[in-house]
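The data block below is coords21.txt; it holds compact mmCIF, C-alpha atoms.
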```
# COMPACT_ATOMS: atom_id res chain seq x y z
CA MET J 1 59.22 110.13 128.06
CA ALA J 2 62.41 111.68 129.40
CA LEU J 3 61.80 109.80 132.63
CA LEU J 4 61.57 106.51 130.73
CA ASP J 5 64.72 107.31 128.79
CA PHE J 6 66.51 107.86 132.07
CA PHE J 7 65.88 104.28 133.12
CA LYS J 8 66.65 102.89 129.68
CA GLN J 9 69.89 104.81 129.45
CA ASN J 10 72.02 102.29 131.27
CA ARG J 11 71.23 99.53 128.83
CA LYS J 12 73.81 99.76 126.07
CA SER J 13 72.18 99.03 122.76
CA GLY J 14 75.43 97.54 121.54
CA SER J 15 75.56 98.23 117.81
CA ALA J 16 79.03 99.74 118.33
CA SER J 17 80.37 96.46 119.69
CA VAL J 18 78.93 94.63 116.69
CA ALA J 19 80.64 97.18 114.44
CA LYS J 20 83.96 96.65 116.18
CA GLU J 21 83.76 92.89 115.91
CA ARG J 22 82.86 93.00 112.21
CA LEU J 23 85.64 95.48 111.53
CA GLN J 24 88.31 93.44 113.29
CA ILE J 25 87.52 90.43 111.13
CA LEU J 26 87.19 92.46 107.94
CA VAL J 27 90.38 94.43 108.44
CA ALA J 28 92.37 91.28 109.21
CA HIS J 29 90.96 89.80 106.01
CA ASP J 30 91.79 92.92 103.96
CA ARG J 31 95.34 92.98 105.32
CA ALA J 32 95.89 89.34 104.41
CA GLY J 33 95.48 90.30 100.75
CA PRO J 34 93.37 88.81 98.00
CA GLY J 35 94.23 85.16 98.71
CA PRO J 36 95.95 82.63 96.48
CA SER J 37 95.94 83.49 92.80
CA TYR J 38 95.09 79.95 91.67
CA LEU J 39 91.52 80.19 92.94
CA PRO J 40 89.81 81.18 89.66
CA GLN J 41 91.65 78.44 87.75
CA LEU J 42 90.80 75.90 90.46
CA GLN J 43 87.18 76.93 90.23
CA ARG J 44 87.15 76.44 86.44
CA ASP J 45 88.88 73.05 86.66
CA LEU J 46 86.55 71.79 89.37
CA LEU J 47 83.58 72.84 87.33
CA LYS J 48 84.94 70.91 84.34
CA VAL J 49 85.41 67.72 86.36
CA ILE J 50 82.00 67.91 88.03
CA ARG J 51 80.32 68.54 84.69
CA LYS J 52 81.64 65.18 83.48
CA TYR J 53 79.21 63.60 85.90
CA VAL J 54 76.49 66.11 86.73
CA ALA J 55 74.99 68.93 84.69
CA VAL J 56 75.59 71.88 86.96
CA ASP J 57 75.36 75.64 86.37
CA GLN J 58 78.32 77.90 85.72
CA ASP J 59 78.05 79.34 89.23
CA ALA J 60 77.47 76.01 90.96
CA VAL J 61 81.04 75.87 92.26
CA ASN J 62 82.10 78.36 94.87
CA VAL J 63 85.68 78.51 96.15
CA ARG J 64 86.71 80.56 99.16
CA VAL J 65 89.72 80.87 101.40
CA GLU J 66 89.26 81.91 104.98
CA GLN J 67 91.79 82.80 107.60
CA GLU J 68 91.20 81.65 111.15
CA GLY J 69 94.12 82.37 113.41
CA ASN J 70 97.05 80.51 111.90
CA GLN J 71 94.84 78.22 109.87
CA GLU J 72 93.77 78.77 106.33
CA ILE J 73 90.56 77.07 105.33
CA LEU J 74 89.76 76.29 101.72
CA GLU J 75 86.03 76.08 101.41
CA LEU J 76 84.39 74.44 98.38
CA ASN J 77 80.70 74.84 97.91
CA ILE J 78 79.11 72.81 95.12
CA VAL J 79 75.41 73.13 94.45
CA LEU J 80 73.93 70.09 92.73
CA PRO J 81 70.79 70.44 90.64
CA GLU J 82 67.53 69.31 92.19
CA GLY J 83 65.86 66.04 91.23
CA MET U 1 113.07 122.83 103.44
CA ALA U 2 109.33 122.41 103.51
CA ARG U 3 107.46 119.63 105.22
CA ILE U 4 104.81 117.99 103.02
CA ILE U 5 101.64 116.82 104.78
CA VAL U 6 98.94 114.76 103.07
CA VAL U 7 95.39 114.71 104.44
CA THR U 8 93.85 111.47 103.27
CA SER U 9 91.13 108.91 104.11
CA GLY U 10 90.04 106.65 101.29
CA LYS U 11 86.35 107.25 101.91
CA GLY U 12 84.74 110.47 100.78
CA GLY U 13 82.84 112.92 102.96
CA VAL U 14 84.73 112.28 106.20
CA GLY U 15 86.28 115.75 106.44
CA LYS U 16 89.51 115.79 104.45
CA THR U 17 88.96 119.23 102.95
CA THR U 18 87.65 120.68 106.23
CA THR U 19 90.75 119.29 107.92
CA SER U 20 93.15 120.52 105.22
CA ALA U 21 91.70 124.02 105.44
CA ALA U 22 91.88 124.00 109.25
CA LEU U 23 95.42 122.64 109.34
CA ALA U 24 96.71 125.12 106.76
CA MET U 25 95.03 128.08 108.44
CA GLY U 26 96.25 126.88 111.86
CA LEU U 27 99.86 126.56 110.68
CA ALA U 28 99.71 129.98 109.02
CA ALA U 29 98.24 131.49 112.19
CA ARG U 30 101.28 130.21 114.09
CA GLY U 31 103.55 132.12 111.74
CA HIS U 32 104.50 129.37 109.29
CA ARG U 33 104.44 130.05 105.58
CA THR U 34 101.91 127.53 104.34
CA VAL U 35 100.39 126.49 101.04
CA VAL U 36 97.40 124.16 100.74
CA ILE U 37 96.87 122.26 97.47
CA ASP U 38 93.64 120.71 96.23
CA PHE U 39 94.43 117.41 94.45
CA ASP U 40 90.80 116.64 93.61
CA VAL U 41 91.06 117.44 89.90
CA GLY U 42 87.61 117.65 88.35
CA LEU U 43 85.82 118.03 91.68
CA ARG U 44 87.53 120.90 93.41
CA ASN U 45 86.12 122.10 96.70
CA LEU U 46 88.95 123.43 98.81
CA ASP U 47 88.51 126.88 97.25
CA LEU U 48 84.90 126.89 98.48
CA VAL U 49 85.79 125.85 102.01
CA MET U 50 88.56 128.46 102.05
CA GLY U 51 86.20 131.11 100.64
CA CYS U 52 88.32 132.01 97.61
CA GLU U 53 86.26 130.33 94.88
CA ARG U 54 85.80 133.55 92.93
CA ARG U 55 89.48 134.29 92.81
CA VAL U 56 90.61 131.11 91.05
CA VAL U 57 92.19 132.00 87.72
CA PHE U 58 94.88 129.38 87.28
CA ASP U 59 95.14 126.01 89.00
CA LEU U 60 97.40 123.07 89.77
CA VAL U 61 97.05 121.57 86.29
CA ASN U 62 97.93 124.90 84.64
CA ALA U 63 101.03 125.08 86.81
CA ILE U 64 102.05 121.49 86.01
CA GLN U 65 101.57 121.94 82.30
CA GLY U 66 103.38 125.26 82.24
CA GLU U 67 100.34 127.25 81.17
CA ALA U 68 100.83 129.50 84.18
CA SER U 69 103.64 130.12 86.61
CA LEU U 70 103.22 128.99 90.20
CA ARG U 71 103.20 132.62 91.26
CA GLN U 72 100.21 133.22 89.03
CA ALA U 73 98.39 130.12 90.23
CA LEU U 74 98.83 130.68 93.98
CA ILE U 75 95.90 132.46 95.60
CA LYS U 76 96.83 134.60 98.56
CA ASP U 77 94.50 134.20 101.53
CA LYS U 78 92.85 137.48 102.49
CA ARG U 79 92.87 136.72 106.21
CA ASN U 80 96.43 135.55 106.70
CA PRO U 81 99.49 136.73 104.76
CA ASN U 82 101.31 133.44 105.45
CA LEU U 83 98.70 131.34 103.66
CA PHE U 84 98.32 130.48 99.97
CA ILE U 85 95.91 128.20 98.14
CA LEU U 86 96.54 126.23 94.97
CA ALA U 87 93.21 125.16 93.50
CA ALA U 88 92.48 122.02 91.51
CA SER U 89 91.32 122.23 87.94
CA GLN U 90 87.58 121.87 87.51
CA THR U 91 87.58 121.08 83.80
CA ARG U 92 90.36 118.52 83.40
CA ASP U 93 90.48 114.98 84.63
CA LYS U 94 92.94 113.24 86.92
CA ASP U 95 95.14 112.14 84.03
CA ALA U 96 96.36 115.71 83.76
CA LEU U 97 98.38 115.04 86.92
CA THR U 98 101.72 113.29 86.51
CA LEU U 99 104.23 112.10 89.07
CA GLU U 100 106.99 114.27 87.58
CA GLY U 101 104.70 117.28 87.23
CA VAL U 102 103.53 117.12 90.83
CA GLY U 103 107.12 116.56 91.97
CA LYS U 104 108.30 119.66 90.15
CA VAL U 105 105.54 121.85 91.57
CA LEU U 106 106.20 120.61 95.12
CA GLU U 107 109.93 121.15 94.72
CA GLU U 108 109.41 124.72 93.63
CA LEU U 109 106.94 125.38 96.47
CA ALA U 110 109.36 123.87 98.99
CA GLU U 111 111.78 126.71 98.28
CA SER U 112 109.49 129.37 99.69
CA PHE U 113 107.14 127.58 102.11
CA ASP U 114 107.52 125.89 105.50
CA TYR U 115 104.53 123.57 105.11
CA ILE U 116 102.75 122.15 102.08
CA VAL U 117 99.34 120.65 102.88
CA CYS U 118 98.01 118.25 100.22
CA ASP U 119 94.24 117.77 100.29
CA SER U 120 93.74 114.30 98.81
CA PRO U 121 90.67 113.30 96.83
CA ALA U 122 88.64 110.29 97.98
CA GLY U 123 89.42 106.90 96.53
CA ILE U 124 92.71 105.16 95.87
CA GLU U 125 93.22 106.24 92.30
CA LYS U 126 95.69 108.58 90.67
CA GLY U 127 94.76 111.82 92.42
CA ALA U 128 94.94 110.18 95.84
CA THR U 129 98.18 108.30 95.21
CA LEU U 130 99.85 111.41 93.78
CA ALA U 131 98.71 113.52 96.74
CA MET U 132 100.46 111.14 99.13
CA TYR U 133 103.48 110.15 97.04
CA TYR U 134 105.85 112.93 98.14
CA ALA U 135 104.48 113.29 101.68
CA ASP U 136 106.60 113.42 104.82
CA ASP U 137 103.63 113.26 107.18
CA ALA U 138 100.11 111.92 106.77
CA ILE U 139 96.90 112.66 108.62
CA VAL U 140 94.40 109.86 108.10
CA VAL U 141 90.88 111.22 108.62
CA THR U 142 88.34 108.70 109.90
CA ASN U 143 84.74 108.80 111.06
CA PRO U 144 83.88 106.34 113.85
CA GLU U 145 81.90 104.27 111.39
CA VAL U 146 82.57 100.90 109.76
CA SER U 147 83.14 101.83 106.11
CA SER U 148 85.35 104.79 106.96
CA VAL U 149 87.53 102.74 109.33
CA ARG U 150 87.94 99.97 106.80
CA ASP U 151 88.93 102.41 104.03
CA SER U 152 91.39 104.12 106.35
CA ASP U 153 93.06 100.80 107.01
CA ARG U 154 93.49 100.34 103.25
CA MET U 155 94.94 103.83 103.00
CA ILE U 156 97.44 103.16 105.79
CA GLY U 157 98.68 100.15 103.84
CA ILE U 158 99.07 102.19 100.66
CA LEU U 159 100.84 105.03 102.52
CA SER U 160 103.48 102.64 103.76
CA SER U 161 104.09 100.96 100.40
CA LYS U 162 103.42 103.38 97.54
CA SER U 163 105.19 106.56 98.52
CA ARG U 164 108.52 108.13 97.63
CA ARG U 165 109.79 107.40 101.13
CA ALA U 166 108.81 103.74 100.84
CA GLU U 167 110.27 103.32 97.36
CA GLN U 168 113.57 104.99 98.26
CA ASN U 169 113.85 103.15 101.58
CA LEU U 170 113.80 106.41 103.53
CA GLU U 171 112.32 106.87 106.95
CA PRO U 172 108.60 106.07 106.49
CA ILE U 173 105.85 108.67 106.38
CA THR U 174 104.71 109.69 109.87
CA GLU U 175 101.08 108.59 109.89
CA ARG U 176 98.65 109.88 112.47
CA LEU U 177 94.94 109.39 112.94
CA LEU U 178 92.31 112.11 113.15
CA ILE U 179 88.83 111.05 114.22
CA THR U 180 86.13 113.46 113.06
CA ARG U 181 82.39 113.77 113.72
CA TYR U 182 82.80 112.14 117.10
CA SER U 183 79.76 112.03 119.34
CA PRO U 184 80.51 111.12 122.97
CA GLN U 185 76.76 110.83 123.57
CA ARG U 186 76.36 108.11 120.97
CA VAL U 187 79.51 106.36 122.14
CA ASP U 188 78.08 106.38 125.64
CA LYS U 189 74.89 104.76 124.37
CA GLY U 190 76.94 102.09 122.65
CA GLU U 191 75.83 103.26 119.22
CA MET U 192 79.15 104.56 117.95
CA LEU U 193 82.67 103.14 117.85
CA SER U 194 84.70 104.78 120.60
CA LEU U 195 88.05 106.35 119.84
CA GLU U 196 89.66 103.46 121.69
CA ASP U 197 87.82 101.02 119.37
CA VAL U 198 89.04 102.86 116.28
CA GLN U 199 92.59 103.05 117.59
CA ASP U 200 92.50 99.35 118.49
CA ILE U 201 91.71 98.50 114.90
CA LEU U 202 93.92 100.97 113.08
CA ALA U 203 96.82 101.05 115.57
CA LEU U 204 97.83 104.62 114.75
CA ASP U 205 98.85 107.45 117.04
CA LEU U 206 95.91 109.83 117.54
CA ILE U 207 96.53 113.44 116.45
CA GLY U 208 93.07 114.67 117.32
CA VAL U 209 89.39 114.05 117.89
CA ILE U 210 86.98 116.53 116.33
CA PRO U 211 83.52 116.43 117.89
CA GLU U 212 80.39 116.36 115.74
CA SER U 213 79.43 120.00 115.52
CA GLU U 214 76.90 122.18 113.73
CA SER U 215 79.55 124.86 113.43
CA VAL U 216 81.42 122.87 110.77
CA LEU U 217 78.57 123.16 108.26
CA ASN U 218 77.98 126.79 109.18
CA SER U 219 81.60 127.68 108.58
CA SER U 220 81.90 125.85 105.29
CA ASN U 221 78.66 127.51 104.18
CA ALA U 222 80.41 130.82 104.73
CA GLY U 223 83.81 129.81 103.33
CA ILE U 224 85.56 130.30 106.67
CA PRO U 225 87.84 127.50 107.89
CA ILE U 226 86.33 126.08 111.10
CA ILE U 227 89.55 126.71 113.00
CA LEU U 228 88.75 130.45 112.87
CA ASP U 229 85.57 129.77 114.88
CA GLU U 230 87.29 129.70 118.22
CA GLU U 231 84.00 129.53 120.09
CA SER U 232 83.13 126.14 118.66
CA ASN U 233 84.33 122.85 120.09
CA ALA U 234 85.36 121.70 116.63
CA GLY U 235 87.44 124.83 116.06
CA GLN U 236 89.20 124.36 119.39
CA ALA U 237 89.79 120.68 118.71
CA TYR U 238 91.42 121.62 115.39
CA HIS U 239 93.68 124.09 117.21
CA ASP U 240 94.76 121.22 119.46
CA MET U 241 95.43 119.09 116.40
CA VAL U 242 97.71 121.76 114.90
CA ASP U 243 99.59 122.15 118.19
CA ARG U 244 100.04 118.38 118.43
CA TYR U 245 101.28 118.30 114.86
CA LEU U 246 103.90 120.87 115.86
CA GLY U 247 105.02 118.68 118.73
CA GLU U 248 102.97 119.74 121.74
CA GLU U 249 101.47 117.10 123.99
CA LEU U 250 97.89 117.92 124.85
CA PRO U 251 95.07 115.86 126.34
CA HIS U 252 92.16 115.14 123.98
CA ARG U 253 89.16 117.34 124.69
CA PHE U 254 85.44 116.93 123.92
CA THR U 255 85.71 113.14 124.03
CA LYS U 256 83.63 112.66 127.17
CA ILE U 257 79.96 113.28 127.62
CA GLU U 258 79.13 116.50 129.40
CA LYS U 259 77.46 115.56 132.64
CA ARG U 260 73.91 116.74 133.03
CA GLY U 261 72.31 117.07 136.41
CA LEU U 262 69.43 114.83 137.51
CA PHE U 263 66.99 117.61 136.72
CA GLY U 264 68.31 117.90 133.17
CA ARG U 265 68.17 114.17 132.64
CA LEU U 266 64.60 113.89 133.90
CA PHE U 267 63.15 116.79 132.00
CA GLY U 268 65.59 117.52 129.21
CA GLY U 269 64.88 116.31 125.71
```

Before we go any further, please render this structure as structure tokens.
Amino acid sequence: MALLDFFKQNRKSGSASVAKERLQILVAHDRAGPGPSYLPQLQRDLLKVIRKYVAVDQDAVNVRVEQEGNQEILELNIVLPEG
Amino acid sequence: MARIIVVTSGKGGVGKTTTSAALAMGLAARGHRTVVIDFDVGLRNLDLVMGCERRVVFDLVNAIQGEASLRQALIKDKRNPNLFILAASQTRDKDALTLEGVGKVLEELAESFDYIVCDSPAGIEKGATLAMYYADDAIVVTNPEVSSVRDSDRMIGILSSKSRRAEQNLEPITERLLITRYSPQRVDKGEMLSLEDVQDILALDLIGVIPESESVLNSSNAGIPIILDEESNAGQAYHDMVDRYLGEELPHRFTKIEKRGLFGRLFGG
């Protein structure tokens, strides 16, 4: 088995590089702070408007802000009921 | 005037208390009058690592609340006459600590000590913020592991915004990074963040790298700070850390894999 390990040794399994990549994104996100404070209110208002037309669940509206370089992306995710 | 050093991390179990004990013992061994304070009220452990758990009569909370004088609360180390320990209270909670109370205790200690080492509890709550508030220098302890690195980054942000030095617009706390439980073997296999990776992310000056070592558990089992085990790699790496803290420039040791011969690689485990 040790002989096999010797040949396998040069192949880097790479979980450390995944860790580094994830951390760089996460830390940048953490440093940017919690994001705009109007998000919860926006989420409630959107839900109210949508409910005028479609009967959706309380958690049907998802609001997120993401940072990509200099750009900030506001992502709205609305799940409509089936049928 | 004493220098106040906080040993902090955010995440628990990364080696804050081990590091505090080693740093305090190392400073004392170099002739500096040193006191090490456990800020983990309710979950004290420094006394165990220092091996003085049966000699705790009064603690930090007693001293703050005036139930005992500092002289009564300080425990003299039996191995080094320069070293004193101030234990945390085991029965109170963190609310027993106040900013003014801690300030008063530190001020009084500063009159008779060269270095005050503050062993911070995990987390970012009262005990941790009070441990760092009055600090002049900080050692941020990190394992090369995702959750520890992330928490350290949080801590670095708090150190530079919620301290006395930050609030009074003084020169900021000198923050330096200590990587513990480092395994060059696993780094070599690509399984562990390298010290360069961690430094890339946290962008702090490196004060030391402590290799993963069985000796650390053995020494805390016995209540002997690891720095007194001069045979062990970890003990030697802590000595280097203390020397770097005092201004020496030393290369980092135990960060590279020890080369094994072909024979060892073929037949070794």

For this session: Pull out every residue of chain U that has at least one atom within 9 Å of chain J, counting all atoms listed in the file, and report them as an MDAnalysis selection string.
Result: chainID U and resid 145:147 149:150 153:154 157 187:194 197:198 200:202 265:269

Problem set entry | Close residues, stretch 41-53 of chain J itself excluded, 12 Å, only C-alpha atoms, min 5 positions apart in chain, as a PyMOL selection string | chain J and resi 36+58-64+74-81

Exercise. What does the distance from atom CA of U:Leu23 to atom CA of U:Glu108 come to in Å, to one decimal?
Worked result: 21.1 Å

For this session: With only C-alpha atoms counted, which protein, DNA or RNA residues have an atom no more than 6 Å from (85.3, 115.8, 117.6) in the file frame? Please answer as a list of chain:residue names.
Result: U:Thr180, U:Arg181, U:Tyr182, U:Val209, U:Ile210, U:Pro211, U:Glu212, U:Ala234

Problem set entry | Shell of 10 Å around stretch 83-87 of chain U, all atoms listed in the file, local chain residues under 5 positions omitted, as a PyMOL selection string | chain U and resi 21+24-29+31-41+44-48+50+52-53+55-61+63+70-78+113+115-118

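One finds atom CA of U:Arg165 at 18.8 Å from atom CA of U:Glu125.
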
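In this comparison, which uses only C-alpha atoms, the residue of J:Gly33, J:Tyr38, J:Asn70, J:Glu82 approaching J:Val56 most closely is J:Glu82.
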
Problem set entry | Atom-to-atom span, atom CA of U:Leu99 and atom CA of U:Ser120, Å | 14.5 Å

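Compared by their closest atoms to U:Gly10, and using all atoms listed in the file, the residues U:Ile227, U:Ile124, U:Ile179, U:Leu195 rank with U:Ile124 nearest.
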
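Using only C-alpha atoms, the shortest contact distance between U:Ile207 and any of U:Ala222, U:Leu177, U:Leu159, U:Ala135 is found at U:Leu177.
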
For stretch 240-257 of chain U, work out the shell of residues within 6 Å, counting only C-alpha atoms and skipping chain neighbours fewer than 6 positions away, then give it as an mmCIF file with C-alpha atoms, in the frame of the given file.
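In the end it all went to selection13.cif:
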```cif
data_model
loop_
_atom_site.group_PDB
_atom_site.id
_atom_site.type_symbol
_atom_site.label_atom_id
_atom_site.label_comp_id
_atom_site.auth_asym_id
_atom_site.auth_seq_id
_atom_site.Cartn_x
_atom_site.Cartn_y
_atom_site.Cartn_z
ATOM 1 C CA PRO U 184 80.510 111.120 122.970
ATOM 2 C CA GLN U 185 76.760 110.830 123.570
ATOM 3 C CA ILE U 207 96.530 113.440 116.450
ATOM 4 C CA GLY U 208 93.070 114.670 117.320
#
```

Please reconstruct the missing atoms of stretch 250-260 of chain U (target: all heavy atoms) and return them as an mmCIF file, in the coordinates of the input.
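Output file result_34.cif is given in full below:
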```cif
data_model
loop_
_atom_site.group_PDB
_atom_site.id
_atom_site.type_symbol
_atom_site.label_atom_id
_atom_site.label_comp_id
_atom_site.auth_asym_id
_atom_site.auth_seq_id
_atom_site.Cartn_x
_atom_site.Cartn_y
_atom_site.Cartn_z
ATOM 1 N N LEU U 250 99.101 117.386 124.241
ATOM 2 C CA LEU U 250 97.890 117.920 124.850
ATOM 3 C C LEU U 250 96.900 116.791 125.067
ATOM 4 O O LEU U 250 96.821 115.876 124.248
ATOM 5 C CB LEU U 250 97.250 118.958 123.908
ATOM 6 C CG LEU U 250 98.061 120.206 123.557
ATOM 7 C CD1 LEU U 250 97.390 120.953 122.406
ATOM 8 C CD2 LEU U 250 98.181 121.108 124.770
ATOM 9 N N PRO U 251 96.124 116.871 126.154
ATOM 10 C CA PRO U 251 95.070 115.860 126.340
ATOM 11 C C PRO U 251 93.953 116.075 125.300
ATOM 12 O O PRO U 251 93.764 117.194 124.820
ATOM 13 C CB PRO U 251 94.561 116.132 127.759
ATOM 14 C CG PRO U 251 94.903 117.566 128.012
ATOM 15 C CD PRO U 251 96.169 117.851 127.242
ATOM 16 N N HIS U 252 93.267 115.002 124.936
ATOM 17 C CA HIS U 252 92.160 115.140 123.980
ATOM 18 C C HIS U 252 90.931 115.684 124.688
ATOM 19 O O HIS U 252 90.536 115.188 125.736
ATOM 20 C CB HIS U 252 91.854 113.788 123.335
ATOM 21 C CG HIS U 252 92.981 113.307 122.466
ATOM 22 N ND1 HIS U 252 93.233 113.840 121.222
ATOM 23 C CD2 HIS U 252 93.946 112.390 122.678
ATOM 24 C CE1 HIS U 252 94.297 113.257 120.707
ATOM 25 N NE2 HIS U 252 94.761 112.368 121.565
ATOM 26 N N ARG U 253 90.348 116.727 124.095
ATOM 27 C CA ARG U 253 89.160 117.340 124.690
ATOM 28 C C ARG U 253 87.904 116.897 123.954
ATOM 29 O O ARG U 253 87.977 116.368 122.866
ATOM 30 C CB ARG U 253 89.263 118.870 124.604
ATOM 31 C CG ARG U 253 90.381 119.438 125.443
ATOM 32 C CD ARG U 253 90.238 120.942 125.521
ATOM 33 N NE ARG U 253 90.771 121.640 124.345
ATOM 34 C CZ ARG U 253 90.531 122.921 124.083
ATOM 35 N NH1 ARG U 253 89.736 123.615 124.859
ATOM 36 N NH2 ARG U 253 91.076 123.499 123.016
ATOM 37 N N PHE U 254 86.769 117.177 124.526
ATOM 38 C CA PHE U 254 85.440 116.930 123.920
ATOM 39 C C PHE U 254 85.210 115.454 123.583
ATOM 40 O O PHE U 254 84.494 115.119 122.652
ATOM 41 C CB PHE U 254 85.251 117.778 122.643
ATOM 42 C CG PHE U 254 85.747 119.184 122.790
ATOM 43 C CD1 PHE U 254 86.819 119.642 122.055
ATOM 44 C CD2 PHE U 254 85.137 120.037 123.708
ATOM 45 C CE1 PHE U 254 87.286 120.937 122.207
ATOM 46 C CE2 PHE U 254 85.596 121.338 123.860
ATOM 47 C CZ PHE U 254 86.671 121.787 123.107
ATOM 48 N N THR U 255 85.874 114.568 124.317
ATOM 49 C CA THR U 255 85.710 113.140 124.030
ATOM 50 C C THR U 255 84.819 112.476 125.072
ATOM 51 O O THR U 255 84.481 111.315 124.942
ATOM 52 C CB THR U 255 87.073 112.420 124.033
ATOM 53 O OG1 THR U 255 87.671 112.595 125.317
ATOM 54 C CG2 THR U 255 87.995 112.989 122.973
ATOM 55 N N LYS U 256 84.492 113.228 126.121
ATOM 56 C CA LYS U 256 83.630 112.660 127.170
ATOM 57 C C LYS U 256 82.315 113.396 127.171
ATOM 58 O O LYS U 256 82.247 114.579 126.835
ATOM 59 C CB LYS U 256 84.313 112.819 128.547
ATOM 60 C CG LYS U 256 85.651 112.097 128.644
ATOM 61 C CD LYS U 256 85.463 110.728 129.234
ATOM 62 C CE LYS U 256 86.597 109.758 128.919
ATOM 63 N NZ LYS U 256 87.927 110.317 128.956
ATOM 64 N N ILE U 257 81.286 112.688 127.574
ATOM 65 C CA ILE U 257 79.960 113.280 127.620
ATOM 66 C C ILE U 257 79.920 114.343 128.708
ATOM 67 O O ILE U 257 80.526 114.181 129.762
ATOM 68 C CB ILE U 257 78.925 112.162 127.865
ATOM 69 C CG1 ILE U 257 77.522 112.609 127.517
ATOM 70 C CG2 ILE U 257 78.984 111.652 129.291
ATOM 71 C CD1 ILE U 257 76.578 111.429 127.346
ATOM 72 N N GLU U 258 79.259 115.468 128.376
ATOM 73 C CA GLU U 258 79.130 116.500 129.400
ATOM 74 C C GLU U 258 78.053 116.070 130.371
ATOM 75 O O GLU U 258 76.934 115.769 129.975
ATOM 76 C CB GLU U 258 78.778 117.845 128.756
ATOM 77 C CG GLU U 258 79.976 118.547 128.140
ATOM 78 C CD GLU U 258 79.555 119.690 127.244
ATOM 79 O OE1 GLU U 258 78.673 120.469 127.657
ATOM 80 O OE2 GLU U 258 80.094 119.781 126.121
ATOM 81 N N LYS U 259 78.419 116.050 131.626
ATOM 82 C CA LYS U 259 77.460 115.560 132.640
ATOM 83 C C LYS U 259 76.288 116.522 132.794
ATOM 84 O O LYS U 259 76.450 117.716 132.939
ATOM 85 C CB LYS U 259 78.188 115.415 133.982
ATOM 86 C CG LYS U 259 79.186 114.261 133.994
ATOM 87 C CD LYS U 259 78.518 112.976 134.447
ATOM 88 C CE LYS U 259 79.487 111.807 134.474
ATOM 89 N NZ LYS U 259 79.762 111.263 133.140
ATOM 90 N N ARG U 260 75.090 115.931 132.747
ATOM 91 C CA ARG U 260 73.910 116.740 133.030
ATOM 92 C C ARG U 260 73.415 116.372 134.408
ATOM 93 O O ARG U 260 73.538 115.229 134.838
ATOM 94 C CB ARG U 260 72.815 116.434 132.013
ATOM 95 C CG ARG U 260 73.153 116.911 130.606
ATOM 96 C CD ARG U 260 72.367 116.124 129.579
ATOM 97 N NE ARG U 260 71.005 116.620 129.440
ATOM 98 C CZ ARG U 260 70.060 115.932 128.822
ATOM 99 N NH1 ARG U 260 70.313 114.747 128.322
ATOM 100 N NH2 ARG U 260 68.846 116.417 128.708
#
```
